[in-house]
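> One structure, pasted below without further comment.
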Amino acid sequence: MVDLLTSILQASLPLSMPILFAAVGEVYAERAGVLNMGVEGVMTLAAFVSLWTTFVTGSYVLGLLAGILAGVALGLLHSFACVKIGVNQLIVGLLIYTMGGGIADFAYLHVTATTLPIVKPIPNIDIPYVGSYLTSIPYVGPMIFQQNLLVYLSFAVAIAMGLILYKTTWGLKIRSVGENPEAADAAGINVNLTRHLCVLIGAALAGLGGAAITIGYLGLYNTGDTIVAGRGWIAIVVVIFARWSPFRAMLGAWIFGFGYSVAATLIGTGGGLSVLTGNPYFLLMLPYIFALVVILIFHRGTKPPSSLTVPYKRR
Amino acid sequence: MKLKKGVSTVITVGVVVVAVIIVAAAFYLVPGLAPGSTTTSTATSTATSTSTGTVTVTSTGTVTSTGTVTTTVTSQTSSTAHQQYSMAVVLGGDETDLGFNYVAIQAANLIAQVYGWNVSISRDVTYAQQGSLITSLAQSGKYNLVWVVGNQFIGTTEPIANQSYKAGLKTYFAQTPSYYQSLTPNIVLLDQSFQVTGYYEAGVLAAKMTQTGSVGFIIGQWYPSQSMEFYAFVAGVNATNPSVKVYCTVAGTWSDATLGLQIAKTMILNDHTDIIAQVADATGRGAFTAAQLYNATNPTTGQPVPVSVIGTVADQATLAPNNVMTSVLMNTTAFISDVVQHIQAGTWSQIGGQDLFMQLGSLAPYHNYATVIPASVQTYVSNVVAQINAGTIKVQQEVTQNPPSGPI
């Protein structure tokens, strides 16, 4: 049982990592007033692009950059349509979702005609000198000190983005654009430029989240949304749970990652807890039940940015 | 100012529209590679005019075999000079699955190449599209055969065949696999027991090769065909080394590779499984990654043991060349070749309305494991295969309502 708990805790962080990247990015976009429902599609495209780039170049760094760029490319489309033109953000997001997955699957089908891109995932970091001591700490040792770089990066990005959003002038501008774009405009802030940038940041981080799944965890790609498998949608839920705060997004992403880890580990025991593991469908609901319970408990004070989904046109 | 803005908006909208058109066109420039689209391939046979005899038919009745069906396909042509046959293939995925859809496409292309049939393939057909697509293919009158591949089509194809029969349409249907009852004469099914012998052989190999005494079996969902495959695997293990434990895990989904990785990791680290067989489509892909990342532990010696995976349906060695011991292949070509030959020979009545029991499972080459698996083990497995083919070993087809709750 001890090993099982340690295994669950250790797996919860890499499982929350892609959600956290995407959620922090989406926080920025929504704080500026733009909703991106296409996060799943962005992550899917980035997942394939980063895998393929890593496979071809042999470089994880280039793979991650390629994933970010793939996200930015779709982000450009989204910001152009929603911020520049003023098209309904929900519709554009759903189109982005479909397009991202379609482009990725199409490219993968083309690629696999001649080769199969498989890479070894980014390995865990081996902390010198004290590594074995730290990982031997019961329960939390492996969870905190036996992860790959992207896991630590995801939390570092969340903290950094949170500090920027709440402690810097630019963060204040972003929040004011999302709450009252007219007032922000009157104060001399370029509302649409701010929104463009935030959407691109959101898409870049979603791309990083997608890349994290393939080159940071699985090492492979497969068509039909079987790699991202709904984590983009969960990221959007996490944004709401987090009340549009990157700090709380860490907790939200981890709750879902933990729930998923519980489900997957219990399913994997194949009989240790026979009543539950006899029904994997129940276990697969667990992460979503966790998320729902948490949202219900913490629903007070959940107020989205006032101008979310509302295009801004200077009068 | 307003005019400038208006012109700017028109220009930008035009750019977006052009970009969308270019992307959409890209999907159609390469035939058949857009989701849900069809490809048509026609093999051009230079020998059509030389065929004067009848086409050899490999069976004259219901094909029932206790051994493995092997297919030797030699170049053949339509039995009637100049008659062009056509087949539509309906798939729920595409060839990138390196599984069910992949082998079906390979078989379809072979039919086009060897028999000269026109073959049209519909990939990534969703649940919502199933009924209308199969119906339209049947009603089009263009196809002699509509071949539907995948468990998700069971219960859709058969009623449509029924309606087509009652409407007097000449199209034949084939469903792979199925267990449907009350069939009309215009449809033939491949029974879901098609890989039972292959999994028995895999169980034998796993029992011989495990160093920890624990092997795992990951299943997407618990269906009768998966139940048969699992218990055949267990039978092979028990017949070889009854002390080996078999752990069964049902993932609950076919389409989450991350879940598959976590499940496999748990089995490796908690149950010490050092060989994992998987029948789980995309979910099973995670097992390949887990095998590369984690070692099992020999509970007796405490030493780490590398983990091996057994692939399914197609040769999946490319997914993890140093960790795939073998795969349980599915000789789909044998089934569809048989169907095609009956159509060409005009002997459809011998198979129509029947559920064909064909053992299409066999073990793939060992590839990198050829030097890892001892010669004595390879010989042992070969002997088991020979005994199955000879009927000396009969593999039972066991179906249970639920998976086992603990290791067997």
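Chains: A, B, ... in order of the structure tokens. Residues: from 1 per chain. Ligands: from 1, in order shown.
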Considering only C-alpha atoms, extract the chain A residues located within 8 Å of chain B and return them as a PyMOL selection string.
chain A and resi 3-4+7+11+85+102+106+108-110+112+116+118+218-219+222-227+229+261+264-265+267-272+274+277-281+284
> Would you mind exporting C-alpha atoms of the selected residues as a PDB file, in the first residue's frame?

ATOM      1  CA  ASP A   3       4.432   1.663  -2.596  1.00  0.00           C
ATOM      2  CA  LEU A   4       1.077   2.276  -4.227  1.00  0.00           C
ATOM      3  CA  SER A   7       3.582   5.608  -7.028  1.00  0.00           C
ATOM      4  CA  ALA A  11       2.882  10.090 -11.138  1.00  0.00           C
ATOM      5  CA  ILE A  85     -11.804  40.838 -36.801  1.00  0.00           C
ATOM      6  CA  GLY A 102      -6.720  17.507 -38.210  1.00  0.00           C
ATOM      7  CA  PHE A 106      -2.781  14.479 -41.484  1.00  0.00           C
ATOM      8  CA  TYR A 108       1.419  12.103 -38.944  1.00  0.00           C
ATOM      9  CA  LEU A 109      -0.283   9.950 -41.556  1.00  0.00           C
ATOM     10  CA  HIS A 110       2.016  11.388 -44.188  1.00  0.00           C
ATOM     11  CA  THR A 112       4.390   7.343 -41.089  1.00  0.00           C
ATOM     12  CA  LEU A 116       7.719   5.986 -37.364  1.00  0.00           C
ATOM     13  CA  ILE A 118       9.448   7.506 -31.661  1.00  0.00           C
ATOM     14  CA  LEU A 218       5.111   9.327 -23.885  1.00  0.00           C
ATOM     15  CA  GLY A 219       7.765   9.514 -26.558  1.00  0.00           C
ATOM     16  CA  ASN A 222      -1.022   8.575 -32.231  1.00  0.00           C
ATOM     17  CA  THR A 223      -3.939   9.903 -34.218  1.00  0.00           C
ATOM     18  CA  GLY A 224      -7.499  10.484 -33.128  1.00  0.00           C
ATOM     19  CA  ASP A 225      -6.887  12.658 -30.052  1.00  0.00           C
ATOM     20  CA  THR A 226      -5.500   9.711 -28.124  1.00  0.00           C
ATOM     21  CA  ILE A 227      -2.417  11.558 -26.926  1.00  0.00           C
ATOM     22  CA  ALA A 229      -6.988  12.921 -24.736  1.00  0.00           C
ATOM     23  CA  SER A 261      -2.957   9.023 -11.185  1.00  0.00           C
ATOM     24  CA  ALA A 264      -4.689   4.787 -13.545  1.00  0.00           C
ATOM     25  CA  THR A 265      -2.796   3.182 -10.673  1.00  0.00           C
ATOM     26  CA  ILE A 267      -6.783   0.219 -12.715  1.00  0.00           C
ATOM     27  CA  GLY A 268      -3.238  -1.041 -13.065  1.00  0.00           C
ATOM     28  CA  THR A 269      -3.422  -3.034  -9.844  1.00  0.00           C
ATOM     29  CA  GLY A 270      -5.814  -5.312 -11.681  1.00  0.00           C
ATOM     30  CA  GLY A 271      -7.408  -6.682  -8.553  1.00  0.00           C
ATOM     31  CA  GLY A 272      -5.819  -5.192  -5.476  1.00  0.00           C
ATOM     32  CA  SER A 274     -11.308  -5.669  -6.559  1.00  0.00           C
ATOM     33  CA  THR A 277     -10.802  -2.117 -10.190  1.00  0.00           C
ATOM     34  CA  GLY A 278     -13.477  -4.430 -11.529  1.00  0.00           C
ATOM     35  CA  ASN A 279     -14.976  -1.304 -12.988  1.00  0.00           C
ATOM     36  CA  PRO A 280     -12.412   0.869 -14.764  1.00  0.00           C
ATOM     37  CA  TYR A 281     -15.204   3.112 -16.043  1.00  0.00           C
ATOM     38  CA  LEU A 284     -11.858   6.877 -15.049  1.00  0.00           C
TER      39      LEU A 284
END
> Would you kindly return, as a list of chain:residue names, each protein, DNA or RNA residue with an atom no farther than 10 Å from any atom of Tyr152 of chain A, considering only C-alpha atoms and excluding same-chain residues fewer than 5 positions away?
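That gives A:Leu13, A:Pro14, A:Met17, A:Ile125, A:Ile144, A:Phe145, A:Gln147, A:Val157.
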> Show me, as a list in words, the residues that have an atom within 12 Å of Gly168 of chain B when counting only C-alpha atoms, minus same-chain residues fewer than 3 positions from it.
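My list of contacting residues is Ala138, Gln139, Gly141, Ala161, Asn162, Gln163, Ser164, Tyr165, Thr171, Tyr172, Thr184, Pro185 and Asn186 of chain B.
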> For Arg243 of chain A, list every protein, DNA or RNA residue within 8 Å, evaluated using only C-alpha atoms, and leave out those in the same chain fewer than 2 positions away; present the list as a ChimeraX atom specification.
/A:239-241,245,248,301-304
> Mind dumping the selected residues with C-alpha atoms as an mmCIF file, in the first residue's frame?

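part21.cif, written as the output of this step:
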data_model
loop_
_atom_site.group_PDB
_atom_site.id
_atom_site.type_symbol
_atom_site.label_atom_id
_atom_site.label_comp_id
_atom_site.auth_asym_id
_atom_site.auth_seq_id
_atom_site.Cartn_x
_atom_site.Cartn_y
_atom_site.Cartn_z
ATOM 1 C CA VAL A 239 -8.680 28.112 -15.271
ATOM 2 C CA ILE A 240 -12.181 28.528 -13.863
ATOM 3 C CA PHE A 241 -11.360 26.552 -10.727
ATOM 4 C CA SER A 245 -4.902 32.852 -11.090
ATOM 5 C CA ARG A 248 -4.250 28.455 -7.964
ATOM 6 C CA GLY A 301 -15.982 34.357 -5.637
ATOM 7 C CA THR A 302 -15.698 32.833 -9.056
ATOM 8 C CA LYS A 303 -16.103 35.824 -11.287
ATOM 9 C CA PRO A 304 -14.612 35.810 -14.746
#
> Would you please work out which residue, of A:Tyr312, A:Phe21, A:Tyr288, A:Phe48, is nearest to Gly230 of chain A when using only C-alpha atoms?
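Closest candidate: A:Tyr288.
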> Please report the interatomic distance between atom CA of Arg231 of chain A and atom CA of Thr126 of chain B in Å with one decimal.
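Atom-to-atom, atom CA of Arg231 of chain A and atom CA of Thr126 of chain B are spaced 21.2 Å apart.
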> One number please: atom CA of Leu62 of chain A to atom CA of Ala113 of chain A, in Å, one decimal.
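Interatomic distance, atom CA of Leu62 of chain A to atom CA of Ala113 of chain A: 23.5 Å.
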> Between atom CA of Leu308 of chain A and atom CA of Gly75 of chain A, measure the distance and give it in Å to one decimal.
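So the two atoms, atom CA of Leu308 of chain A and atom CA of Gly75 of chain A, lie 16.8 Å apart.
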> Using only C-alpha atoms, can you tell me which of A:Gly58, A:Gly141, A:Gly33, A:Pro121 comes closest to Val177 of chain A?
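Smallest distance to Val177 of chain A is found for A:Gly33.
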> If we count only C-alpha atoms, what is near Tyr166 of chain A at a cut-off of 12 Å, once residues fewer than 3 positions away on the same chain are taken out, given as a list in words?
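Once the nearby chain positions are removed, what remains is Tyr28, Arg31, Ile159, Ala160, Met161, Gly162, Leu163, Thr169, Trp170, Gly171, Leu172, Lys173, Ile174, Arg175, Ser176, Trp244, Ser245, Pro246 and Phe247 of chain A.
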> Neighbours of Thr212 of chain B within 9 Å (only C-alpha atoms; same-chain residues fewer than 6 positions away dropped), as a ChimeraX atom specification?
/B:244,272-274,296-300,305
> Could you check the closest approach to Ile19 of chain A for each of A:Ile295, A:Val151, A:Leu95, A:Ala186 and tell me which residue wins, using only C-alpha atoms?
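Under the stated criterion, the closest residue is A:Val151.
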> Which polymer residues have any atom within 10 Å of an atom of Asn88 of chain A, counting only C-alpha atoms, with same-chain residues fewer than 4 positions away left out, as a list in words?
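My reading of the contact set: Leu35, Ala81, Cys82, Val83, Val92, Gly93, Thr309, Val310 and Pro311 of chain A.
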> With C-alpha atoms retained, write the just-selected residues as a PDB file, in the first residue's frame.

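Just written: again.pdb:
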ATOM      1  CA  LEU A  35     -11.362  32.810 -24.546  1.00  0.00           C
ATOM      2  CA  ALA A  81      -9.922  36.225 -35.993  1.00  0.00           C
ATOM      3  CA  CYS A  82     -11.051  37.156 -32.491  1.00  0.00           C
ATOM      4  CA  VAL A  83      -9.148  40.296 -31.632  1.00  0.00           C
ATOM      5  CA  VAL A  92     -13.098  30.243 -33.592  1.00  0.00           C
ATOM      6  CA  GLY A  93     -11.819  28.220 -30.674  1.00  0.00           C
ATOM      7  CA  THR A 309     -15.369  36.925 -24.962  1.00  0.00           C
ATOM      8  CA  VAL A 310     -16.330  40.536 -25.736  1.00  0.00           C
ATOM      9  CA  PRO A 311     -14.361  42.010 -28.648  1.00  0.00           C
TER      10      PRO A 311
END
> If you run DSSP on this backbone, which residues of segment 89-288 of chain B come out as alpha helix (DSSP H), and could you give them as a count of residues only?
92
